[in-house]
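Quick notes on the structure that follows.
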Amino acid sequence: MDHVIRAVRADEWEKVKDLRLEALRDPAARLAFHETYEQASAEADAFWQERTERAAESDAVRQFVAEGPDGVWHGTVTVLVEPAGVPTLLGDGEPAQDQAAIVGVFVRQESRGTGLIEGLFEAAVGWCWELREPTPVRVRLYVHEDNHRAVGFYRRFGFEPTGVTAPAPTDPAERELEHVLVR
């Protein structure tokens with residue numbers, strides 16, 4: 001793999017925006033994301049600037065990208081730190097223990113099946129395990145019940161289903177399944 005896996009930098013907001021909009025145009029976006037292309041593309045530049053700065057410099061969130069030798073970003077994953085007793089950004093309560101959540105997973109179509117996603121997850125989970133305050137005891141994610149390719153990868157990486165489900169934001173009749181990786 002000739003990609004560099006790294007955290008985003010605060011000044012890269014335009015690339016963050018472009019990759020997110022591309023992800024939301026992907027045919028599987030309905031199963032993977034909680035917003036639509038129309039919603040995200042309507043956001044002002046200030047939104048993207050603040051989002052990228054937070055994902056680059058905060059201890060509460062970190063976004064990783066896979067950058068090709070030509071400078072093109074081929075994939076991304078974001079980690080949200082969820083301290084015990086604090087409401088989560090996912091809006092599903094207050095965890096009893098320090099944990100982290102993986103969100104915003106995307107790999108460009110032409111880079112799927114190349115090992116890129118493994119590198120992104122190794123960086124994201126590795127960053128979680130290096131945190132000292134709070135110190136996550138587990139990393140979790142939600143995946144749509146019909147996103148079988150993603151479920152397969154998460155299971156191969158070591159994530160296990162917890163049995164916890166939530167309504168899919170795009171269609172409350174469908175379910176998202178929580179998976180966790182314990183330290």
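Quick note on naming: the chains in the structure tokens go A, B, ... in the order shown, residues restart at 1 in each chain, and ligands are numbered from 1 in order of appearance.
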Excluding same-chain residues fewer than 5 positions from region 144-158 of chain A, what lies within 12 Å of it counting only C-alpha atoms, as an NGL selection string?
-> :A and (27-34 or 102 or 105-107 or 112-113 or 115-122 or 125 or 138-139 or 163-183)
When DSSP works through the backbone of this structure, what residues of region 2-183 of chain A end up as helix (DSSP H, G or I), shown as a ChimeraX atom specification?
-> /A:10-25,29-32,37-41,45-57,109-111,116-130,148-157
Residue list (strand (DSSP E), DSSP) for region 19-149 of chain A, as an MDAnalysis selection string = chainID A and resid 61:67 73:82 99:107 138:144
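With distances restricted to only C-alpha atoms, A:Gln63 is the closest residue to Ala123 (chain A) from A:Thr162, A:Thr135, A:Gln63, A:Gln99.
Residues in contact range of Ala40 (chain A), defined as at most 10 Å between only C-alpha atoms, with sequence neighbours fewer than 6 positions away removed, read Lys17, Arg20, Leu21, Leu24, Phe47 and Trp48 of chain A.
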Go ahead and save the picked residues with N, CA, C and O atoms, as a PDB file, in the first residue's frame.
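Printed below is again-v7.pdb as written:
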```pdb
ATOM      1  N   LYS A  17     -14.310  18.451   3.175  1.00  0.00           N
ATOM      2  CA  LYS A  17     -15.635  18.688   2.594  1.00  0.00           C
ATOM      3  C   LYS A  17     -15.813  17.887   1.308  1.00  0.00           C
ATOM      4  O   LYS A  17     -16.824  17.192   1.135  1.00  0.00           O
ATOM      5  N   ARG A  20     -16.200  14.140   1.976  1.00  0.00           N
ATOM      6  CA  ARG A  20     -17.494  13.844   2.594  1.00  0.00           C
ATOM      7  C   ARG A  20     -18.610  13.904   1.556  1.00  0.00           C
ATOM      8  O   ARG A  20     -19.491  13.038   1.517  1.00  0.00           O
ATOM      9  N   LEU A  21     -18.580  14.917   0.703  1.00  0.00           N
ATOM     10  CA  LEU A  21     -19.616  15.020  -0.327  1.00  0.00           C
ATOM     11  C   LEU A  21     -19.536  13.858  -1.304  1.00  0.00           C
ATOM     12  O   LEU A  21     -20.566  13.322  -1.736  1.00  0.00           O
ATOM     13  N   LEU A  24     -21.107  10.886   0.340  1.00  0.00           N
ATOM     14  CA  LEU A  24     -22.568  10.979   0.381  1.00  0.00           C
ATOM     15  C   LEU A  24     -23.207  10.752  -0.985  1.00  0.00           C
ATOM     16  O   LEU A  24     -24.418  10.522  -1.068  1.00  0.00           O
ATOM     17  N   PHE A  47     -18.694  25.995   8.668  1.00  0.00           N
ATOM     18  CA  PHE A  47     -19.013  24.693   9.258  1.00  0.00           C
ATOM     19  C   PHE A  47     -17.883  23.713   8.998  1.00  0.00           C
ATOM     20  O   PHE A  47     -17.419  23.015   9.909  1.00  0.00           O
ATOM     21  N   TRP A  48     -17.425  23.646   7.755  1.00  0.00           N
ATOM     22  CA  TRP A  48     -16.363  22.704   7.375  1.00  0.00           C
ATOM     23  C   TRP A  48     -15.030  23.086   8.015  1.00  0.00           C
ATOM     24  O   TRP A  48     -14.261  22.217   8.424  1.00  0.00           O
TER      25      TRP A  48
END
```
